[in-house]
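With PDB, C-alpha atoms and all ligand atoms inside, this is coords_35.pdb:
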ATOM      1  CA  MET A   1      37.391 -33.396  51.651  1.00  0.00           C
ATOM      2  CA  THR A   2      39.703 -35.525  49.530  1.00  0.00           C
ATOM      3  CA  ARG A   3      39.462 -34.611  45.875  1.00  0.00           C
ATOM      4  CA  ILE A   4      41.058 -37.244  43.666  1.00  0.00           C
ATOM      5  CA  ALA A   5      42.258 -36.996  40.071  1.00  0.00           C
ATOM      6  CA  ILE A   6      42.700 -40.341  38.339  1.00  0.00           C
ATOM      7  CA  PHE A   7      45.183 -40.617  35.469  1.00  0.00           C
ATOM      8  CA  ALA A   8      44.671 -43.525  33.030  1.00  0.00           C
ATOM      9  CA  SER A   9      45.927 -44.306  29.518  1.00  0.00           C
ATOM     10  CA  GLY A  10      43.755 -47.234  28.484  1.00  0.00           C
ATOM     11  CA  SER A  11      40.584 -49.103  29.321  1.00  0.00           C
ATOM     12  CA  GLY A  12      40.126 -47.570  32.753  1.00  0.00           C
ATOM     13  CA  SER A  13      38.449 -50.513  34.450  1.00  0.00           C
ATOM     14  CA  ASN A  14      40.334 -49.693  37.655  1.00  0.00           C
ATOM     15  CA  ALA A  15      39.291 -46.060  37.373  1.00  0.00           C
ATOM     16  CA  GLU A  16      35.636 -47.083  37.122  1.00  0.00           C
ATOM     17  CA  ASN A  17      35.979 -49.485  40.034  1.00  0.00           C
ATOM     18  CA  ILE A  18      37.475 -46.733  42.209  1.00  0.00           C
ATOM     19  CA  VAL A  19      34.712 -44.298  41.254  1.00  0.00           C
ATOM     20  CA  ASN A  20      32.056 -46.860  42.209  1.00  0.00           C
ATOM     21  CA  TYR A  21      33.760 -47.673  45.497  1.00  0.00           C
ATOM     22  CA  PHE A  22      33.690 -44.033  46.653  1.00  0.00           C
ATOM     23  CA  LYS A  23      30.243 -43.183  45.267  1.00  0.00           C
ATOM     24  CA  GLU A  24      28.498 -43.152  48.649  1.00  0.00           C
ATOM     25  CA  ASN A  25      31.418 -41.579  50.523  1.00  0.00           C
ATOM     26  CA  ASP A  26      30.790 -37.911  51.390  1.00  0.00           C
ATOM     27  CA  ASN A  27      34.436 -37.246  52.270  1.00  0.00           C
ATOM     28  CA  VAL A  28      35.985 -38.440  49.028  1.00  0.00           C
ATOM     29  CA  THR A  29      35.192 -37.417  45.502  1.00  0.00           C
ATOM     30  CA  ILE A  30      36.714 -38.472  42.208  1.00  0.00           C
ATOM     31  CA  SER A  31      36.773 -35.035  40.621  1.00  0.00           C
ATOM     32  CA  LEU A  32      38.664 -35.660  37.412  1.00  0.00           C
ATOM     33  CA  ILE A  33      39.846 -38.302  35.003  1.00  0.00           C
ATOM     34  CA  LEU A  34      42.879 -37.360  32.929  1.00  0.00           C
ATOM     35  CA  THR A  35      44.395 -39.177  29.997  1.00  0.00           C
ATOM     36  CA  ASN A  36      47.157 -38.757  27.439  1.00  0.00           C
ATOM     37  CA  LYS A  37      45.230 -40.848  24.870  1.00  0.00           C
ATOM     38  CA  ALA A  38      42.397 -39.203  22.981  1.00  0.00           C
ATOM     39  CA  ASN A  39      40.921 -42.619  22.054  1.00  0.00           C
ATOM     40  CA  ALA A  40      41.278 -44.285  25.472  1.00  0.00           C
ATOM     41  CA  TYR A  41      38.174 -46.185  26.577  1.00  0.00           C
ATOM     42  CA  VAL A  42      38.483 -44.530  29.986  1.00  0.00           C
ATOM     43  CA  LEU A  43      36.952 -41.429  28.347  1.00  0.00           C
ATOM     44  CA  GLU A  44      33.750 -43.373  27.597  1.00  0.00           C
ATOM     45  CA  ARG A  45      33.664 -44.496  31.190  1.00  0.00           C
ATOM     46  CA  ALA A  46      34.163 -40.919  32.436  1.00  0.00           C
ATOM     47  CA  LYS A  47      31.214 -39.797  30.319  1.00  0.00           C
ATOM     48  CA  LYS A  48      29.016 -42.607  31.620  1.00  0.00           C
ATOM     49  CA  LEU A  49      30.061 -41.914  35.214  1.00  0.00           C
ATOM     50  CA  ASN A  50      29.522 -38.195  34.736  1.00  0.00           C
ATOM     51  CA  ILE A  51      33.053 -37.240  35.704  1.00  0.00           C
ATOM     52  CA  GLU A  52      34.926 -34.363  34.128  1.00  0.00           C
ATOM     53  CA  ALA A  53      37.704 -35.583  31.834  1.00  0.00           C
ATOM     54  CA  LEU A  54      40.748 -33.934  30.341  1.00  0.00           C
ATOM     55  CA  VAL A  55      42.901 -35.126  27.453  1.00  0.00           C
ATOM     56  CA  PHE A  56      46.405 -33.711  27.238  1.00  0.00           C
ATOM     57  CA  ASN A  57      49.393 -34.333  25.013  1.00  0.00           C
ATOM     58  CA  LYS A  58      52.887 -35.354  25.984  1.00  0.00           C
ATOM     59  CA  THR A  59      54.340 -31.876  25.427  1.00  0.00           C
ATOM     60  CA  GLN A  60      51.735 -30.216  27.635  1.00  0.00           C
ATOM     61  CA  PHE A  61      52.361 -32.837  30.287  1.00  0.00           C
ATOM     62  CA  LEU A  62      56.134 -32.997  30.256  1.00  0.00           C
ATOM     63  CA  GLU A  63      57.193 -29.526  29.179  1.00  0.00           C
ATOM     64  CA  THR A  64      54.668 -27.131  30.736  1.00  0.00           C
ATOM     65  CA  ASP A  65      53.041 -26.763  34.134  1.00  0.00           C
ATOM     66  CA  GLU A  66      49.537 -26.629  32.611  1.00  0.00           C
ATOM     67  CA  ILE A  67      48.430 -29.872  34.243  1.00  0.00           C
ATOM     68  CA  THR A  68      49.736 -28.890  37.671  1.00  0.00           C
ATOM     69  CA  ARG A  69      47.892 -25.563  37.402  1.00  0.00           C
ATOM     70  CA  PHE A  70      44.699 -27.268  36.247  1.00  0.00           C
ATOM     71  CA  LEU A  71      44.813 -29.680  39.201  1.00  0.00           C
ATOM     72  CA  ALA A  72      45.378 -26.767  41.596  1.00  0.00           C
ATOM     73  CA  LYS A  73      42.442 -24.881  40.097  1.00  0.00           C
ATOM     74  CA  LYS A  74      40.251 -27.933  40.748  1.00  0.00           C
ATOM     75  CA  ASN A  75      41.533 -28.237  44.336  1.00  0.00           C
ATOM     76  CA  ILE A  76      42.860 -31.744  43.755  1.00  0.00           C
ATOM     77  CA  ASN A  77      44.729 -33.094  46.771  1.00  0.00           C
ATOM     78  CA  MET A  78      45.408 -36.688  45.723  1.00  0.00           C
ATOM     79  CA  ILE A  79      46.442 -38.285  42.422  1.00  0.00           C
ATOM     80  CA  VAL A  80      45.822 -41.927  41.572  1.00  0.00           C
ATOM     81  CA  LEU A  81      47.547 -43.536  38.593  1.00  0.00           C
ATOM     82  CA  ALA A  82      45.430 -46.416  37.315  1.00  0.00           C
ATOM     83  CA  GLY A  83      47.052 -47.786  34.183  1.00  0.00           C
ATOM     84  CA  PHE A  84      48.794 -44.515  33.341  1.00  0.00           C
ATOM     85  CA  LEU A  85      51.794 -45.039  31.113  1.00  0.00           C
ATOM     86  CA  LEU A  86      53.767 -41.789  31.091  1.00  0.00           C
ATOM     87  CA  LYS A  87      56.405 -40.990  33.662  1.00  0.00           C
ATOM     88  CA  MET A  88      55.230 -38.280  36.055  1.00  0.00           C
ATOM     89  CA  PRO A  89      57.179 -35.025  35.587  1.00  0.00           C
ATOM     90  CA  GLU A  90      59.105 -33.474  38.452  1.00  0.00           C
ATOM     91  CA  ASN A  91      56.862 -30.402  38.800  1.00  0.00           C
ATOM     92  CA  LEU A  92      53.843 -32.619  39.494  1.00  0.00           C
ATOM     93  CA  ILE A  93      55.711 -34.832  41.945  1.00  0.00           C
ATOM     94  CA  LYS A  94      56.968 -31.756  43.809  1.00  0.00           C
ATOM     95  CA  SER A  95      53.460 -30.250  43.950  1.00  0.00           C
ATOM     96  CA  PHE A  96      51.946 -33.435  45.435  1.00  0.00           C
ATOM     97  CA  PRO A  97      54.492 -34.823  47.892  1.00  0.00           C
ATOM     98  CA  ASP A  98      53.388 -38.327  49.014  1.00  0.00           C
ATOM     99  CA  LYS A  99      50.012 -37.713  47.394  1.00  0.00           C
ATOM    100  CA  ILE A 100      50.552 -39.601  44.125  1.00  0.00           C
ATOM    101  CA  ILE A 101      50.018 -43.337  44.138  1.00  0.00           C
ATOM    102  CA  ASN A 102      50.323 -45.924  41.404  1.00  0.00           C
ATOM    103  CA  ILE A 103      49.286 -49.510  40.910  1.00  0.00           C
ATOM    104  CA  HIS A 104      51.701 -51.886  39.212  1.00  0.00           C
ATOM    105  CA  PRO A 105      50.549 -55.315  37.983  1.00  0.00           C
ATOM    106  CA  ALA A 106      53.457 -57.301  39.465  1.00  0.00           C
ATOM    107  CA  LEU A 107      55.361 -57.828  42.675  1.00  0.00           C
ATOM    108  CA  LEU A 108      57.859 -54.954  42.542  1.00  0.00           C
ATOM    109  CA  PRO A 109      60.837 -54.731  42.434  1.00  0.00           C
ATOM    110  CA  LYS A 110      60.322 -57.621  40.001  1.00  0.00           C
ATOM    111  CA  TYR A 111      58.953 -56.749  36.550  1.00  0.00           C
ATOM    112  CA  GLY A 112      59.161 -52.984  37.005  1.00  0.00           C
ATOM    113  CA  GLY A 113      60.794 -50.187  35.030  1.00  0.00           C
ATOM    114  CA  LYS A 114      60.452 -48.724  31.558  1.00  0.00           C
ATOM    115  CA  GLY A 115      58.396 -50.818  29.124  1.00  0.00           C
ATOM    116  CA  MET A 116      57.027 -52.989  31.916  1.00  0.00           C
ATOM    117  CA  TYR A 117      53.313 -52.272  31.846  1.00  0.00           C
ATOM    118  CA  GLY A 118      50.070 -54.110  31.267  1.00  0.00           C
ATOM    119  CA  ASP A 119      50.370 -57.290  29.216  1.00  0.00           C
ATOM    120  CA  ASN A 120      54.144 -56.897  28.782  1.00  0.00           C
ATOM    121  CA  VAL A 121      54.440 -57.666  32.472  1.00  0.00           C
ATOM    122  CA  HIS A 122      52.180 -60.732  32.330  1.00  0.00           C
ATOM    123  CA  LYS A 123      53.956 -62.082  29.227  1.00  0.00           C
ATOM    124  CA  ALA A 124      57.321 -61.784  30.999  1.00  0.00           C
ATOM    125  CA  VAL A 125      55.923 -63.506  34.104  1.00  0.00           C
ATOM    126  CA  VAL A 126      54.669 -66.452  32.009  1.00  0.00           C
ATOM    127  CA  GLU A 127      57.862 -66.647  29.920  1.00  0.00           C
ATOM    128  CA  ASN A 128      59.969 -66.813  33.072  1.00  0.00           C
ATOM    129  CA  LYS A 129      57.762 -69.609  34.458  1.00  0.00           C
ATOM    130  CA  GLU A 130      57.050 -67.687  37.657  1.00  0.00           C
ATOM    131  CA  THR A 131      54.850 -69.547  40.130  1.00  0.00           C
ATOM    132  CA  GLU A 132      53.383 -66.357  41.571  1.00  0.00           C
ATOM    133  CA  SER A 133      52.666 -62.771  40.611  1.00  0.00           C
ATOM    134  CA  GLY A 134      50.649 -59.991  42.182  1.00  0.00           C
ATOM    135  CA  ILE A 135      50.047 -56.278  42.531  1.00  0.00           C
ATOM    136  CA  THR A 136      51.995 -53.449  44.096  1.00  0.00           C
ATOM    137  CA  ILE A 137      50.507 -50.160  45.218  1.00  0.00           C
ATOM    138  CA  HIS A 138      53.217 -47.582  45.798  1.00  0.00           C
ATOM    139  CA  TYR A 139      54.003 -43.888  46.074  1.00  0.00           C
ATOM    140  CA  VAL A 140      55.330 -42.287  42.910  1.00  0.00           C
ATOM    141  CA  ASN A 141      58.755 -40.709  42.792  1.00  0.00           C
ATOM    142  CA  GLU A 142      61.045 -39.570  39.945  1.00  0.00           C
ATOM    143  CA  ASN A 143      61.956 -43.122  38.916  1.00  0.00           C
ATOM    144  CA  TYR A 144      59.583 -45.617  37.311  1.00  0.00           C
ATOM    145  CA  ASP A 145      58.136 -48.063  39.861  1.00  0.00           C
ATOM    146  CA  GLU A 146      60.608 -47.221  42.633  1.00  0.00           C
ATOM    147  CA  GLY A 147      58.557 -45.233  45.167  1.00  0.00           C
ATOM    148  CA  LYS A 148      57.865 -46.563  48.648  1.00  0.00           C
ATOM    149  CA  ILE A 149      55.619 -49.643  48.644  1.00  0.00           C
ATOM    150  CA  ILE A 150      52.264 -49.226  50.399  1.00  0.00           C
ATOM    151  CA  PHE A 151      50.661 -52.620  49.759  1.00  0.00           C
ATOM    152  CA  GLN A 152      51.208 -55.888  47.883  1.00  0.00           C
ATOM    153  CA  ALA A 153      48.986 -58.902  47.248  1.00  0.00           C
ATOM    154  CA  LYS A 154      49.913 -62.171  45.548  1.00  0.00           C
ATOM    155  CA  CYS A 155      48.271 -64.740  43.320  1.00  0.00           C
ATOM    156  CA  GLU A 156      49.434 -68.121  42.070  1.00  0.00           C
ATOM    157  CA  VAL A 157      50.557 -68.595  38.490  1.00  0.00           C
ATOM    158  CA  SER A 158      50.200 -72.160  37.283  1.00  0.00           C
ATOM    159  CA  SER A 159      52.281 -73.752  34.524  1.00  0.00           C
ATOM    160  CA  THR A 160      49.240 -73.820  32.224  1.00  0.00           C
ATOM    161  CA  ASP A 161      48.295 -70.150  32.689  1.00  0.00           C
ATOM    162  CA  SER A 162      48.433 -67.945  29.583  1.00  0.00           C
ATOM    163  CA  TYR A 163      49.339 -64.293  29.992  1.00  0.00           C
ATOM    164  CA  GLU A 164      45.614 -63.523  29.606  1.00  0.00           C
ATOM    165  CA  ASP A 165      44.880 -65.813  32.574  1.00  0.00           C
ATOM    166  CA  VAL A 166      47.482 -63.988  34.653  1.00  0.00           C
ATOM    167  CA  ALA A 167      46.061 -60.622  33.557  1.00  0.00           C
ATOM    168  CA  ALA A 168      42.588 -61.701  34.721  1.00  0.00           C
ATOM    169  CA  LYS A 169      43.904 -62.813  38.124  1.00  0.00           C
ATOM    170  CA  ILE A 170      45.779 -59.531  38.530  1.00  0.00           C
ATOM    171  CA  HIS A 171      42.731 -57.459  37.616  1.00  0.00           C
ATOM    172  CA  GLU A 172      40.719 -59.314  40.278  1.00  0.00           C
ATOM    173  CA  LEU A 173      43.347 -58.438  42.888  1.00  0.00           C
ATOM    174  CA  GLU A 174      43.368 -54.831  41.707  1.00  0.00           C
ATOM    175  CA  TYR A 175      39.594 -54.462  41.913  1.00  0.00           C
ATOM    176  CA  GLU A 176      39.567 -55.909  45.419  1.00  0.00           C
ATOM    177  CA  HIS A 177      42.499 -54.032  46.923  1.00  0.00           C
ATOM    178  CA  PHE A 178      43.171 -50.750  45.100  1.00  0.00           C
ATOM    179  CA  PRO A 179      40.123 -48.775  46.335  1.00  0.00           C
ATOM    180  CA  LYS A 180      40.588 -50.098  49.879  1.00  0.00           C
ATOM    181  CA  ALA A 181      44.262 -49.104  49.892  1.00  0.00           C
ATOM    182  CA  ILE A 182      43.329 -45.574  48.742  1.00  0.00           C
ATOM    183  CA  ASP A 183      40.638 -45.445  51.425  1.00  0.00           C
ATOM    184  CA  SER A 184      43.017 -46.438  54.192  1.00  0.00           C
ATOM    185  CA  LEU A 185      45.603 -43.865  53.074  1.00  0.00           C
ATOM    186  CA  ILE A 186      42.934 -41.180  53.220  1.00  0.00           C
ATOM    187  CA  ARG A 187      41.843 -42.259  56.718  1.00  0.00           C
ATOM    188  CA  LYS A 188      45.404 -42.283  58.078  1.00  0.00           C
TER
HETATM  189  C1  LIG B 201      46.300 -52.446  35.277  1.00  0.00           C
HETATM  190  O1  LIG B 201      46.519 -53.826  35.365  1.00  0.00           O
HETATM  191  C2  LIG B 201      47.445 -51.690  35.932  1.00  0.00           C
HETATM  192  O2  LIG B 201      48.023 -52.370  37.017  1.00  0.00           O
HETATM  193  C3  LIG B 201      48.424 -51.581  34.797  1.00  0.00           C
HETATM  194  O3  LIG B 201      47.642 -51.309  33.667  1.00  0.00           O
HETATM  195  C4  LIG B 201      46.374 -51.978  33.823  1.00  0.00           C
HETATM  196  C5  LIG B 201      45.267 -50.995  33.470  1.00  0.00           C
HETATM  197  O4  LIG B 201      44.020 -51.628  33.401  1.00  0.00           O
HETATM  198  N1  LIG B 201      49.383 -50.538  35.049  1.00  0.00           N
HETATM  199  C6  LIG B 201      50.649 -50.585  34.614  1.00  0.00           C
HETATM  200  O5  LIG B 201      51.088 -51.497  33.946  1.00  0.00           O
HETATM  201  C7  LIG B 201      51.516 -49.393  35.019  1.00  0.00           C
HETATM  202  N2  LIG B 201      52.905 -49.688  34.860  1.00  0.00           N
HETATM  203  P1  LIG B 201      42.676 -50.774  33.363  1.00  0.00           P
HETATM  204  O6  LIG B 201      42.894 -49.670  32.319  1.00  0.00           O
HETATM  205  O7  LIG B 201      41.630 -51.735  32.934  1.00  0.00           O
HETATM  206  O8  LIG B 201      42.454 -50.205  34.721  1.00  0.00           O
END
Write the structure described by the file as C-alpha cells, please.
Ligand code: GAR
Amino acid sequence: MTRIAIFASGSGSNAENIVNYFKENDNVTISLILTNKANAYVLERAKKLNIEALVFNKTQFLETDEITRFLAKKNINMIVLAGFLLKMPENLIKSFPDKIINIHPALLPKYGGKGMYGDNVHKAVVENKETESGITIHYVNENYDEGKIIFQAKCEVSSTDSYEDVAAKIHELEYEHFPKAIDSLIRK
C-alpha cells in the first residue's frame, strides 16, 4: 500500500486533483495533507475531501524532527509537494530517499531556484518573451529545483499571453500529468 502525504502552501488545486485521481485505487491512499500556512485554501479542500490535515510552523519544520516522526507514525511512504514553498530539510530528505517528488511550473533548469514559484515564474516567462513553458516533475534533493527530472511537458506561450494565461496553461498540464506521473512511479 502506498500512503502519500501531500505538502501544499496555497490553493491546493493540484492536491485535490491528485486525491480525486486515486479515489478508486485500492493500492494508493492520500493519507495526509500538510501545510505551513494556517490560512491556505488547501485546508478547506482537505476538510471537504475528508483527509486529515496538519498545519506546522517553520521552526517545527526546519529545526525539529516532529514532522518526520509524524509521517513515520502515519506510515507514510511517499511525499508529494504540490505548490509547497519551503525548502525540505535534510532530515526529511534522508528519511525518504527518492520518495519525495515536486512539481515545478516551468521547464527546469530554466526558471528554478529560490523565489521562483507560482506566478513569479509565469511573470518571468512573459517578461523574457519565451515562446514556450511547461512543467517539471522531479525528485527533491537538498537544493531547490535540482533533483533528478522524472517528467516534463511543454506548452506554447504566445506574444499576447499574460502571465495569467500562462498560469492557466500550466495548471492544465499539471492536472493532466502530475497524478499519472505519481501513478507510474508507484507502479515501477
Ligand atoms: C502550481 O502551479 C505548482 O507547480 C507551483 O505552485 C502552484 C500551486 O498551485 N509550485 C511551485 O511554484 C513550486 N516551486 P495549486 O496550489 O493550485 O496546486
Let me have all residues with an atom within 8 Å of ligand LIG 201 (chain B), counting all atoms listed in the file, laid out as number ranges by chain.
A: 8-16, 42, 81-85, 102-106, 112-113, 116-119, 121, 135, 145, 167, 170-171, 174
With all atoms listed in the file as the counted atoms, please give the residues lying no more than 7 Å from A:Arg3, apart from itself and same-chain residues fewer than 2 positions off, as a ChimeraX atom specification.
/A:1,5,28-31,75-78
When the PyMOL selection byres (((chain A and resi 122-132) around 7) and not hetatm) is applied to the file above, which residues end up in the set, as a list of chain:residue names?
A:Asp119, A:Asn120, A:Val121, A:Ser133, A:Gly134, A:Lys154, A:Cys155, A:Glu156, A:Val157, A:Ser158, A:Ser159, A:Ser162, A:Tyr163, A:Val166, A:Ala167
From A:Ile51, A:Ile186, A:Leu32, A:Ile137, residue lying nearest A:Leu107 [all atoms listed in the file]:
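Closest residue, counting all atoms listed in the file: A:Ile137.
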Pick from A:Ala168, A:Leu43, A:Ile101, A:Leu86: nearest to A:Phe151, with only C-alpha atoms counted?
A:Ile101
Give the answer as one residue: which of A:Leu34, A:Phe7, A:Pro89, A:Glu176 has the shortest atom-to-atom distance to A:Glu142, using all atoms listed in the file?
A:Pro89
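Minimum atom-to-atom distance to A:Asn143, evaluated using only C-alpha atoms, belongs to A:Glu90 out of A:Asp26, A:Glu63, A:Glu90, A:Glu52.
The coordinates place atom CA of A:Lys74 at 15.9 Å from atom CA of A:Ile100.
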Give me, as a tab-separated table, each residue of stretch 3-90 of chain A that comes within 9 Å of stretch 179-185 of chain A, together with its shortest interatomic pair and the distance in Å at one decimal, counting only C-alpha atoms, with rows ordered by chain and rising residue number.
residue	atom	partner	partner_atom	distance
A:Asn14	CA	A:Pro179	CA	8.7
A:Asn17	CA	A:Pro179	CA	7.6
A:Ile18	CA	A:Pro179	CA	5.3
A:Val19	CA	A:Pro179	CA	8.7
A:Tyr21	CA	A:Pro179	CA	6.5
A:Phe22	CA	A:Pro179	CA	8.0
A:Val28	CA	A:Asp183	CA	8.7
A:Val80	CA	A:Ile182	CA	8.4
Have a look at atom CA of A:Asn141 and atom CA of A:Ser95 and let me know their distance in Å, one decimal.
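Calculated distance between atom CA of A:Asn141 and atom CA of A:Ser95 is 11.8 Å.
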Skip A:Leu92 itself and residues of its chain fewer than 5 positions away, then list as a ChimeraX atom specification all residues within 12 Å of it, counting all atoms listed in the file.
/A:61-72,76-79,87,97-100,140-142
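Interatomic distance, atom CA of A:Ile149 to atom CA of A:Lys169: 20.5 Å.
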Pick out the closest residue to A:Leu108 from this set: A:Lys148, A:Lys48, A:His177, A:Arg187. Count all atoms listed in the file.
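Smallest separation from A:Leu108 among the options: A:Lys148.
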Which residue out of A:Val55, A:Ile6, A:Lys114, A:Gln60 has the minimum interatomic distance to A:Glu146 when all atoms listed in the file are used?
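Looking at the shortest contact to A:Glu146, the residue is A:Lys114.
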